[in-house]
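Source file: upload_39.cif; contents: mmCIF, C-alpha atoms and all ligand atoms.
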```cif
data_protein
loop_
_atom_site.label_atom_id
_atom_site.label_comp_id
_atom_site.auth_asym_id
_atom_site.auth_seq_id
_atom_site.Cartn_x
_atom_site.Cartn_y
_atom_site.Cartn_z
CA MET A 119 0.00 0.00 0.00
CA THR A 120 1.30 3.48 -0.81
CA GLU A 121 1.84 4.95 2.66
CA GLY A 122 0.64 8.35 3.79
CA VAL A 123 -2.13 8.91 1.25
CA GLN A 124 -5.64 8.78 2.63
CA THR A 125 -8.82 8.26 0.68
CA SER A 126 -10.62 11.59 0.83
CA PRO A 127 -13.62 11.36 3.19
CA ALA A 128 -15.62 12.95 0.38
CA PHE A 129 -15.89 9.52 -1.24
CA LYS A 130 -18.40 7.08 0.15
CA PRO A 131 -17.03 3.59 0.69
CA ARG A 132 -17.54 1.37 -2.34
CA VAL A 133 -15.99 -2.01 -3.09
CA PHE A 134 -14.89 -3.11 -6.57
CA SER A 135 -13.12 -6.29 -7.62
CA GLY A 136 -12.76 -8.37 -10.77
CA ILE A 137 -11.83 -11.85 -11.90
CA GLN A 138 -10.72 -12.89 -15.38
CA PRO A 139 -12.98 -15.32 -17.21
CA SER A 140 -9.97 -17.19 -18.51
CA GLY A 141 -11.29 -20.65 -17.63
CA GLY A 142 -11.03 -22.74 -14.52
CA LEU A 143 -11.49 -21.20 -11.08
CA THR A 144 -9.04 -22.47 -8.45
CA LEU A 145 -9.09 -22.77 -4.69
CA GLY A 146 -6.81 -19.70 -4.79
CA ASN A 147 -9.52 -17.66 -6.54
CA TYR A 148 -12.09 -18.98 -4.08
CA LEU A 149 -10.21 -18.30 -0.85
CA GLY A 150 -8.35 -15.19 -2.05
CA ALA A 151 -11.37 -13.58 -3.70
CA LEU A 152 -14.81 -15.22 -4.05
CA LYS A 153 -15.29 -16.37 -0.45
CA ARG A 154 -14.11 -13.03 0.86
CA PHE A 155 -16.53 -11.21 -1.47
CA ALA A 156 -19.40 -13.36 -0.20
CA ASP A 157 -18.39 -12.92 3.45
CA SER A 158 -18.16 -9.13 3.11
CA GLN A 159 -21.43 -8.42 1.34
CA ASN A 160 -23.40 -8.07 4.57
CA ASN A 161 -21.29 -5.18 5.83
CA GLY A 162 -23.60 -2.68 4.14
CA VAL A 163 -21.03 -1.36 1.66
CA GLU A 164 -22.08 -1.23 -1.98
CA SER A 165 -20.09 -3.92 -3.81
CA ILE A 166 -19.44 -4.30 -7.52
CA PHE A 167 -17.95 -7.51 -8.93
CA CYS A 168 -16.90 -7.83 -12.54
CA MET A 169 -16.07 -10.66 -14.95
CA VAL A 170 -13.26 -8.83 -16.72
CA ASP A 171 -13.68 -10.19 -20.24
CA LEU A 172 -11.70 -7.31 -21.80
CA HIS A 173 -8.76 -8.40 -19.65
CA ALA A 174 -9.16 -12.05 -20.63
CA ILE A 175 -8.52 -11.28 -24.32
CA THR A 176 -5.07 -9.85 -23.57
CA ASN A 177 -3.91 -13.49 -23.49
CA VAL A 178 -6.20 -15.45 -25.80
CA LEU A 179 -8.22 -13.57 -28.39
CA ASN A 180 -9.43 -16.09 -30.91
CA ASP A 181 -11.75 -18.41 -28.99
CA ALA A 182 -15.16 -16.74 -28.80
CA GLN A 183 -16.98 -19.87 -27.68
CA ALA A 184 -14.57 -20.46 -24.80
CA LEU A 185 -14.79 -16.83 -23.68
CA ARG A 186 -18.60 -16.98 -23.57
CA HIS A 187 -18.50 -20.28 -21.67
CA ASN A 188 -15.87 -19.03 -19.21
CA THR A 189 -17.75 -15.79 -18.54
CA ARG A 190 -20.95 -17.69 -17.72
CA GLU A 191 -19.07 -20.24 -15.64
CA LEU A 192 -17.35 -17.48 -13.69
CA CYS A 193 -20.71 -15.84 -13.00
CA ALA A 194 -21.99 -19.22 -11.80
CA GLY A 195 -18.87 -19.45 -9.59
CA PHE A 196 -19.63 -16.09 -7.97
CA ILE A 197 -23.22 -17.04 -7.22
CA ALA A 198 -22.38 -20.59 -6.07
CA SER A 199 -19.77 -19.11 -3.71
CA GLY A 200 -22.49 -17.05 -2.06
CA VAL A 201 -22.29 -13.70 -3.86
CA ASP A 202 -25.91 -12.54 -4.14
CA PRO A 203 -26.64 -10.70 -7.41
CA GLU A 204 -29.37 -8.72 -5.66
CA LYS A 205 -27.12 -7.44 -2.88
CA SER A 206 -24.04 -6.93 -5.03
CA ILE A 207 -23.68 -5.84 -8.65
CA LEU A 208 -22.44 -8.72 -10.84
CA PHE A 209 -21.71 -8.03 -14.50
CA ASN A 210 -19.24 -8.49 -17.33
CA GLN A 211 -16.89 -5.66 -18.19
CA SER A 212 -17.58 -5.36 -21.94
CA GLN A 213 -21.25 -4.46 -21.27
CA VAL A 214 -20.16 -1.16 -19.73
CA PRO A 215 -18.32 0.88 -22.39
CA GLY A 216 -16.78 3.21 -19.79
CA HIS A 217 -14.12 0.60 -18.92
CA ALA A 218 -12.52 0.76 -22.37
CA GLU A 219 -13.08 4.51 -22.62
CA LEU A 220 -11.51 5.38 -19.26
CA GLY A 221 -8.83 2.75 -19.90
CA TRP A 222 -7.75 4.73 -22.97
CA ILE A 223 -7.49 7.95 -20.99
CA PHE A 224 -5.42 6.14 -18.36
CA ASN A 225 -3.12 4.79 -21.10
CA CYS A 226 -2.28 8.45 -21.58
CA VAL A 227 -1.81 9.07 -17.84
CA ALA A 228 0.34 6.00 -17.02
CA ARG A 229 4.03 6.08 -17.96
CA MET A 230 5.85 3.32 -19.86
CA GLY A 231 8.30 2.98 -16.96
CA TRP A 232 5.47 2.28 -14.51
CA MET A 233 4.12 -0.51 -16.68
CA GLN A 234 7.54 -2.04 -17.29
CA ARG A 235 7.97 -2.49 -13.56
CA MET A 236 4.85 -4.64 -13.19
CA THR A 237 5.92 -8.12 -12.08
CA GLN A 238 2.86 -9.74 -13.64
CA TRP A 239 3.79 -8.24 -17.02
CA LYS A 240 7.30 -9.64 -16.66
CA ASP A 241 5.98 -13.07 -15.64
CA LYS A 242 3.28 -13.30 -18.29
CA ALA A 243 5.22 -11.85 -21.21
CA GLY A 244 8.27 -13.93 -20.30
CA LYS A 245 11.34 -13.55 -22.47
CA ASN A 246 9.37 -12.88 -25.62
CA THR A 247 8.08 -9.38 -24.82
CA GLN A 248 8.17 -8.38 -28.51
CA ASN A 249 5.46 -10.91 -29.24
CA ALA A 250 3.20 -10.12 -26.26
CA SER A 251 0.04 -8.15 -27.08
CA LEU A 252 -0.01 -4.41 -26.51
CA GLY A 253 -3.15 -5.12 -24.46
CA LEU A 254 -1.18 -7.27 -22.03
CA PHE A 255 1.26 -4.41 -21.47
CA ALA A 256 -1.53 -1.85 -20.97
CA TYR A 257 -3.57 -4.24 -18.80
CA PRO A 258 -2.91 -2.46 -15.46
CA ALA A 259 -4.23 0.85 -16.85
CA LEU A 260 -7.47 -0.92 -17.76
CA MET A 261 -7.59 -2.38 -14.27
CA ALA A 262 -7.22 1.14 -12.85
CA ALA A 263 -10.14 2.19 -15.05
CA ASP A 264 -12.26 -0.71 -13.73
CA ILE A 265 -11.80 0.51 -10.18
CA LEU A 266 -11.92 4.28 -10.70
CA LEU A 267 -14.88 4.24 -13.11
CA TYR A 268 -16.99 3.56 -10.00
CA HIS A 269 -15.02 5.78 -7.62
CA ALA A 270 -14.36 2.58 -5.67
CA THR A 271 -12.49 3.08 -2.41
CA HIS A 272 -11.71 -0.53 -1.46
CA VAL A 273 -10.39 -3.33 -3.64
CA PRO A 274 -10.38 -6.82 -2.10
CA VAL A 275 -7.80 -8.94 -3.92
CA GLY A 276 -5.18 -11.64 -3.36
CA GLU A 277 -1.57 -10.71 -2.70
CA ASP A 278 -0.61 -11.02 -6.39
CA GLN A 279 -2.77 -8.02 -7.37
CA LYS A 280 -1.33 -5.62 -4.79
CA GLN A 281 1.10 -3.98 -7.22
CA HIS A 282 -1.71 -3.34 -9.71
CA VAL A 283 -3.82 -1.60 -7.05
CA GLU A 284 -0.81 0.50 -6.10
CA LEU A 285 -0.46 1.51 -9.75
CA THR A 286 -4.16 2.44 -9.71
CA ARG A 287 -3.40 4.78 -6.80
CA ASP A 288 -0.54 6.34 -8.77
CA ILE A 289 -2.78 6.87 -11.80
CA ALA A 290 -5.51 8.48 -9.66
CA LEU A 291 -2.97 10.74 -7.96
CA LYS A 292 -1.38 11.81 -11.25
CA PHE A 293 -4.74 12.50 -12.90
CA ASN A 294 -5.93 14.54 -9.90
CA HIS A 295 -2.62 16.40 -9.76
CA ASP A 296 -2.34 17.07 -13.52
CA PHE A 297 -5.86 18.51 -13.71
CA GLY A 298 -5.81 20.13 -10.27
CA VAL A 299 -8.89 18.23 -9.12
CA ASP A 300 -9.84 15.91 -6.27
CA PHE A 301 -11.92 13.78 -8.61
CA PHE A 302 -10.72 10.20 -8.25
CA PRO A 303 -10.46 8.53 -4.83
CA ILE A 304 -7.17 6.87 -3.89
CA PRO A 305 -8.36 3.28 -3.44
CA GLU A 306 -7.04 0.88 -0.82
CA PRO A 307 -6.12 -2.72 -1.58
CA VAL A 308 -7.81 -5.01 0.94
CA ILE A 309 -5.63 -8.08 1.43
CA GLU A 310 -6.82 -9.84 4.55
CA GLY A 311 -7.15 -13.31 6.00
CA THR A 312 -5.06 -16.47 5.96
CA ALA A 313 -5.39 -17.24 2.25
CA THR A 314 -4.32 -14.15 0.35
CA ARG A 315 -1.64 -16.23 -1.37
CA VAL A 316 -2.64 -19.88 -1.75
CA MET A 317 0.37 -21.85 -2.96
CA SER A 318 0.73 -24.77 -5.37
CA LEU A 319 0.13 -28.21 -3.81
CA ARG A 320 3.27 -29.44 -5.58
CA ASP A 321 5.64 -26.58 -4.74
CA GLY A 322 5.13 -24.30 -1.75
CA SER A 323 7.18 -21.51 -3.34
CA LYS A 324 4.81 -21.10 -6.33
CA LYS A 325 1.35 -19.54 -6.37
CA MET A 326 -1.58 -21.87 -7.05
CA SER A 327 -2.58 -20.94 -10.57
CA LYS A 328 -4.91 -22.05 -13.33
CA SER A 329 -2.03 -21.72 -15.77
CA ASP A 330 0.25 -24.21 -13.98
CA PRO A 331 0.81 -27.14 -16.38
CA SER A 332 0.28 -29.64 -13.53
CA ASP A 333 -3.39 -30.17 -12.65
CA ALA A 334 -2.23 -31.82 -9.40
CA SER A 335 -0.83 -28.43 -8.30
CA ARG A 336 -4.29 -26.93 -7.83
CA ILE A 337 -7.81 -27.67 -6.71
CA ASN A 338 -10.32 -26.54 -9.32
CA LEU A 339 -13.77 -25.45 -8.21
CA THR A 340 -15.13 -27.99 -10.70
CA ASP A 341 -13.16 -30.94 -9.18
CA ASP A 342 -15.27 -33.73 -7.73
CA ALA A 343 -14.81 -35.12 -4.21
CA ASP A 344 -12.42 -37.90 -5.31
CA ALA A 345 -10.19 -35.49 -7.22
CA ILE A 346 -10.06 -33.06 -4.28
CA ALA A 347 -9.20 -35.81 -1.77
CA SER A 348 -6.58 -37.38 -4.04
CA LYS A 349 -4.84 -34.04 -4.75
CA ILE A 350 -4.65 -33.30 -1.02
CA ARG A 351 -3.37 -36.82 -0.28
CA LYS A 352 -0.60 -36.34 -2.85
CA ALA A 353 0.23 -32.75 -1.83
CA LYS A 354 3.91 -32.18 -1.14
CA THR A 355 4.80 -32.01 2.57
CA ASP A 356 7.83 -32.57 4.78
CA PRO A 357 8.48 -35.45 7.21
CA ASP A 358 7.97 -33.49 10.44
CA ALA A 359 4.84 -33.31 12.58
CA LEU A 360 2.78 -30.11 12.56
CA PRO A 361 3.87 -27.45 15.04
CA SER A 362 1.62 -25.92 17.72
CA GLU A 363 2.87 -22.38 17.08
CA ALA A 364 3.42 -20.19 14.00
CA GLU A 365 7.22 -20.11 14.46
CA GLY A 366 7.27 -23.84 13.76
CA LEU A 367 6.11 -23.13 10.18
CA GLU A 368 9.25 -21.10 9.37
CA GLY A 369 11.03 -22.61 6.38
CA ARG A 370 8.14 -25.08 5.81
CA PRO A 371 6.15 -23.46 2.97
CA GLU A 372 4.11 -26.58 2.12
CA ALA A 373 3.07 -27.13 5.74
CA ARG A 374 2.18 -23.46 6.10
CA ASN A 375 0.10 -23.56 2.93
CA LEU A 376 -1.99 -26.56 4.02
CA VAL A 377 -2.56 -25.05 7.47
CA ASN A 378 -3.60 -21.74 5.92
CA ILE A 379 -5.98 -23.47 3.51
CA TYR A 380 -7.54 -25.34 6.44
CA ALA A 381 -7.89 -22.13 8.45
CA ALA A 382 -9.48 -20.18 5.58
CA LEU A 383 -11.92 -22.97 4.68
CA ASN A 384 -12.96 -23.34 8.32
CA ASP A 385 -13.09 -19.58 9.14
CA GLN A 386 -10.36 -19.95 11.74
CA THR A 387 -7.08 -18.18 12.38
CA GLN A 388 -3.79 -19.94 11.76
CA ALA A 389 -3.16 -19.96 15.55
CA GLN A 390 -6.50 -21.68 16.23
CA VAL A 391 -5.73 -24.41 13.70
CA LEU A 392 -2.22 -24.96 15.05
CA SER A 393 -3.49 -25.24 18.62
CA GLU A 394 -5.80 -28.04 17.43
CA VAL A 395 -3.50 -29.93 15.07
CA GLY A 396 -0.07 -29.28 16.61
CA GLY A 397 1.79 -32.57 17.04
CA LYS A 398 -0.20 -34.44 14.38
CA GLN A 399 1.55 -36.11 11.45
CA PHE A 400 0.48 -35.20 7.90
CA SER A 401 -0.94 -38.73 7.56
CA GLU A 402 -3.54 -37.62 10.10
CA PHE A 403 -3.92 -33.98 9.06
CA LYS A 404 -4.36 -34.56 5.31
CA PRO A 405 -7.56 -36.64 5.69
CA MET A 406 -8.96 -33.90 7.98
CA LEU A 407 -8.17 -31.28 5.36
CA ALA A 408 -9.58 -33.42 2.55
CA GLU A 409 -12.83 -33.94 4.44
CA LEU A 410 -13.16 -30.23 5.15
CA ALA A 411 -12.33 -29.25 1.55
CA VAL A 412 -14.86 -31.70 0.12
CA ALA A 413 -17.54 -30.53 2.58
CA LYS A 414 -16.99 -26.87 1.66
CA LEU A 415 -16.28 -27.15 -2.08
CA SER A 416 -18.62 -29.91 -3.30
CA PRO A 417 -21.78 -27.83 -2.79
CA ILE A 418 -20.15 -25.04 -4.81
CA SER A 419 -19.26 -27.21 -7.78
CA GLY A 420 -22.73 -28.80 -7.62
CA GLU A 421 -24.40 -25.39 -7.66
CA MET A 422 -22.14 -24.20 -10.49
CA SER A 423 -23.15 -27.07 -12.73
CA ARG A 424 -26.82 -26.56 -11.85
CA LEU A 425 -26.58 -22.87 -12.77
CA MET A 426 -24.73 -23.70 -16.00
CA GLN A 427 -27.79 -25.67 -17.18
CA ASN A 428 -29.54 -22.30 -17.57
CA PRO A 429 -27.23 -19.99 -19.49
CA ASP A 430 -30.13 -17.65 -20.32
CA GLU A 431 -30.66 -17.00 -16.62
CA ILE A 432 -26.98 -16.22 -16.15
CA ASP A 433 -27.04 -13.84 -19.13
CA ALA A 434 -30.08 -12.06 -17.66
CA ILE A 435 -28.26 -11.62 -14.32
CA LEU A 436 -25.24 -10.15 -16.12
CA ARG A 437 -27.39 -7.79 -18.22
CA ARG A 438 -29.24 -6.53 -15.16
CA GLY A 439 -25.94 -6.10 -13.30
CA ALA A 440 -24.50 -4.16 -16.24
CA GLU A 441 -27.50 -1.79 -16.21
CA ARG A 442 -26.92 -1.08 -12.52
CA ALA A 443 -23.18 -0.67 -13.13
CA ARG A 444 -23.79 1.82 -15.98
CA GLU A 445 -26.00 3.94 -13.72
CA ILE A 446 -22.99 4.51 -11.48
CA ALA A 447 -20.33 4.66 -14.20
CA ASP A 448 -22.00 6.96 -16.76
CA PRO A 449 -21.98 10.20 -14.73
CA ILE A 450 -18.40 9.56 -13.60
CA MET A 451 -17.30 8.95 -17.19
CA LYS A 452 -19.10 12.12 -18.40
CA ARG A 453 -17.42 14.21 -15.71
CA THR A 454 -14.03 12.69 -16.62
CA LEU A 455 -14.47 13.71 -20.27
CA ASP A 456 -15.34 17.25 -19.15
CA ILE A 457 -12.26 17.45 -16.95
CA VAL A 458 -10.06 16.24 -19.82
CA GLY A 459 -11.63 18.77 -22.19
CA MET A 460 -13.50 16.59 -24.65
CA VAL A 461 -16.15 18.67 -26.49
CA ARG A 462 -19.55 16.97 -26.42
P1 LIG B 1 -7.26 -13.06 -11.52
O1 LIG B 1 -8.39 -13.33 -12.43
O2 LIG B 1 -5.92 -13.64 -11.84
O3 LIG B 1 -7.63 -13.56 -10.05
C1 LIG B 1 -8.86 -13.20 -9.43
C2 LIG B 1 -8.67 -13.01 -7.93
O4 LIG B 1 -8.17 -14.22 -7.33
C3 LIG B 1 -7.00 -13.93 -6.58
N1 LIG B 1 -6.09 -15.08 -6.65
C4 LIG B 1 -5.54 -15.65 -5.57
N2 LIG B 1 -5.65 -15.37 -4.26
C5 LIG B 1 -4.96 -16.15 -3.39
N3 LIG B 1 -4.15 -17.18 -3.80
C6 LIG B 1 -4.01 -17.49 -5.11
N4 LIG B 1 -3.24 -18.51 -5.49
C7 LIG B 1 -4.73 -16.69 -6.07
N5 LIG B 1 -4.84 -16.74 -7.43
C8 LIG B 1 -5.66 -15.74 -7.76
C9 LIG B 1 -6.39 -12.70 -7.26
O5 LIG B 1 -5.53 -12.00 -6.39
C10 LIG B 1 -7.64 -11.90 -7.60
O6 LIG B 1 -8.10 -11.17 -6.48
N6 LIG B 1 -6.06 -8.35 -12.67
C11 LIG B 1 -6.99 -9.19 -11.95
C12 LIG B 1 -8.42 -9.00 -12.36
C13 LIG B 1 -8.90 -7.58 -12.31
C14 LIG B 1 -9.21 -6.83 -11.14
C15 LIG B 1 -9.67 -5.57 -11.62
C16 LIG B 1 -9.13 -7.11 -9.78
C17 LIG B 1 -9.16 -6.79 -13.38
N7 LIG B 1 -9.64 -5.57 -13.00
C18 LIG B 1 -10.05 -4.58 -10.73
C19 LIG B 1 -9.53 -6.08 -8.90
C20 LIG B 1 -9.98 -4.84 -9.37
C21 LIG B 1 -6.62 -10.64 -12.18
O7 LIG B 1 -6.03 -10.99 -13.18
O8 LIG B 1 -7.11 -11.51 -11.24
#
```

Just give me the structure as structure tokens.
Amino acid sequence: MTEGVQTSPAFKPRVFSGIQPSGGLTLGNYLGALKRFADSQNNGVESIFCMVDLHAITNVLNDAQALRHNTRELCAGFIASGVDPEKSILFNQSQVPGHAELGWIFNCVARMGWMQRMTQWKDKAGKNTQNASLGLFAYPALMAADILLYHATHVPVGEDQKQHVELTRDIALKFNHDFGVDFFPIPEPVIEGTATRVMSLRDGSKKMSKSDPSDASRINLTDDADAIASKIRKAKTDPDALPSEAEGLEGRPEARNLVNIYAALNDQTQAQVLSEVGGKQFSEFKPMLAELAVAKLSPISGEMSRLMQNPDEIDAILRRGAERAREIADPIMKRTLDIVGMVR
């Protein structure tokens, strides 16, 4: 978080977050994002959640059928995880033209040097930056537009998105400074809980990710009970028993990861879990974790496949969400164009 800059009290609290419909939701997406969205929606703060389809095409552009399927499946994932489309606004990005429009303006605010420093750009583009899409490079400016188009003040995300939210703050500050206005809020990343960085089940130093070539490295929200239990049984661990205190997890990334997953799934703190399981061998702990994971995740995958039987219903939810999103975004976009000096 950029220290020392406060969100102006003039902005009412509003939550915004997004997930890419790039296929396959993982336990990382669930614990780092979806579950937290569902848990927070009763706190009375207006919340807007977006399937960021414009972001998804920065990687793969030429599979229209897959994009449509993934967008609907992601929407089903939100609802099955407990996000209520009446309480929160759920929609897909491309139905609100302001995202692309404000994204363009922010392309002209952000500096090349800022974008080049983004670790996700470096990871995703790899060595072959010349062949990466221009969209992938500009991606964080579009993400800033997603957030600021709604004057959102709080952005719940996993650890890996922190740098992008910090860039969003820099873009808001520069825009406000360049035009001498206090127009955009300076949003806060909200990175809380025990599962803000769920790690691979095969390698505790790597993030659990849908793009990992090994399916055994992750739990997918569509996995059935047998697959979940077998992946946990085969998860990498070390030979020692579990500790009773956090210090005992130092230098044991796989053990820490499994304890954190258990804690997040069971709404406990790491300390509570360790006080219960300290001294147990993994041969005893893994079946406990598998049972808990199946109990919590099976209803979600069941509900997702039920919802996917009715794509028309999902589309109607997204259309209605987009209408509500446009009601908030349109005046903010209009005012932005005025500030920039666009004649209308
Ligand atoms: P995406 O689609 O990669 O991931 C969606 C959310 O899931 C979290 N996440 C994880 N959390 C914990 N452990 C993991 N292993 C893990 N893997 C993923 C991510 O941190 C994220 O919160 N750029 C964003 C999407 C985006 C966005 C936005 C987010 C676009 N516009 C505006 C917030 C606000 C992304 O690619 O997330």

Note to self: Which residues are near Tyr380 of chain A? Cut-off 9 Å, all atoms listed in the file, ignore same chain within fewer than 2 positions. Put them as a ChimeraX atom specification.
What the structure shows: /A:375-378,382-386,388,391,406-407,410-411

Margin query: Using all atoms listed in the file, which residues have at least one atom no more than 8 Å from ligand LIG 1 (chain B)? Output them as a ChimeraX atom specification.
Written below: /A:134-140,144-152,168,170,173,257-258,260-262,264-265,273-280,282-283,313-318,325-328

Next item on the list: Would you mind reading off the distance between atom CA of Leu360 of chain A and atom CA of Lys398 of chain A, one decimal, in Å?
Entry: 5.6 Å

Item checked: Distance criterion (all atoms listed in the file): nearest to Phe301 of chain A out of A:Ala408, A:Arg320, A:Lys245, A:Thr454 ->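 Comparing A:Ala408, A:Arg320, A:Lys245, A:Thr454 against Phe301 of chain A, the winner is A:Thr454.
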
Notebook entry, point to check: Of the residues A:Arg453, A:Lys404, A:Lys205, A:His272, which is the one nearest to Thr286 of chain A, using all atoms listed in the file?
Noted result: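 The answer is A:His272, which sits nearest to Thr286 of chain A.
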
Next item on the list: Measuring atom to atom with only C-alpha atoms, identify which of A:Asp341, A:Asp171, A:Asp296, A:Asp448 is nearest to Gly420 of chain A.
Entry: A:Asp341

Note to self: List the spatial neighbours of segment 234-238 of chain A as a VMD selection string - criterion: any atom at most 8 Å away, all atoms listed in the file, same-chain residues fewer than 4 positions off excluded.
What the structure shows: chain A and resid 230 242 255 281 to 282

Next item on the list: Please write as a ChimeraX atom specification the list of polymer residues whose atoms come within 12 Å of (-13.0, -37.6, -5.6), counting all atoms listed in the file and keeping to the coordinates of the file.
Entry: /A:337-338,340-351,408-409,411-413,415-416

Item checked: Test item: residues at most 10 Å from Thr176 of chain A, all atoms listed in the file, excluding those fewer than 6 positions along its chain, as an MDAnalysis selection string -> chainID A and resid 250:257

Next item on the list: Determine, counting all atoms listed in the file, which protein, DNA and RNA residues have an atom within 10 Å of an atom of Leu436 of chain A; residues of the same chain fewer than 3 positions away are not included. Present the result as a VMD selection string.
Entry: chain A and resid 168 to 169 189 to 190 193 203 207 to 211 213 430 to 433 439 to 442

Note to self: To one decimal place in Å, what is the distance between atom CA of Pro131 of chain A and atom CA of Thr271 of chain A?
What the structure shows: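 For atom CA of Pro131 of chain A relative to atom CA of Thr271 of chain A, the distance reads 5.5 Å.
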
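For the residues A:Asp300, A:Ile379, A:Pro361, A:Gly216, ranking by smallest atom-to-atom distance to Arg336 of chain A using all atoms listed in the file places A:Ile379 first.
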
Note to self: One number please: atom CA of Leu266 of chain A to atom CA of Phe302 of chain A, in Å, one decimal.
What the structure shows: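 If I compute the distance from atom CA of Leu266 of chain A to atom CA of Phe302 of chain A, I get 6.5 Å.
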
Next item on the list: Go through A:Ala218, A:Ala128, A:Ile223, A:Val308 and flag the residue nearest Gly459 of chain A, using only C-alpha atoms for the distances.
Entry: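 Closest to Gly459 of chain A, using only C-alpha atoms: A:Ile223.
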
Residues within 10 Å of (-21.5, -24.4, -4.5), counting only C-alpha atoms, listed as a CSV table (one decimal) with C-alpha atoms, in the coordinates of the input:
```csv
chain,number,residue,atom,x,y,z
A,194,ALA,CA,-22.0,-19.2,-11.8
A,195,GLY,CA,-18.9,-19.4,-9.6
A,196,PHE,CA,-19.6,-16.1,-8.0
A,197,ILE,CA,-23.2,-17.0,-7.2
A,198,ALA,CA,-22.4,-20.6,-6.1
A,199,SER,CA,-19.8,-19.1,-3.7
A,200,GLY,CA,-22.5,-17.0,-2.1
A,339,LEU,CA,-13.8,-25.4,-8.2
A,340,THR,CA,-15.1,-28.0,-10.7
A,414,LYS,CA,-17.0,-26.9,1.7
A,415,LEU,CA,-16.3,-27.2,-2.1
A,416,SER,CA,-18.6,-29.9,-3.3
A,417,PRO,CA,-21.8,-27.8,-2.8
A,418,ILE,CA,-20.2,-25.0,-4.8
A,419,SER,CA,-19.3,-27.2,-7.8
A,420,GLY,CA,-22.7,-28.8,-7.6
A,421,GLU,CA,-24.4,-25.4,-7.7
A,422,MET,CA,-22.1,-24.2,-10.5
A,423,SER,CA,-23.2,-27.1,-12.7
A,424,ARG,CA,-26.8,-26.6,-11.8
A,425,LEU,CA,-26.6,-22.9,-12.8
```
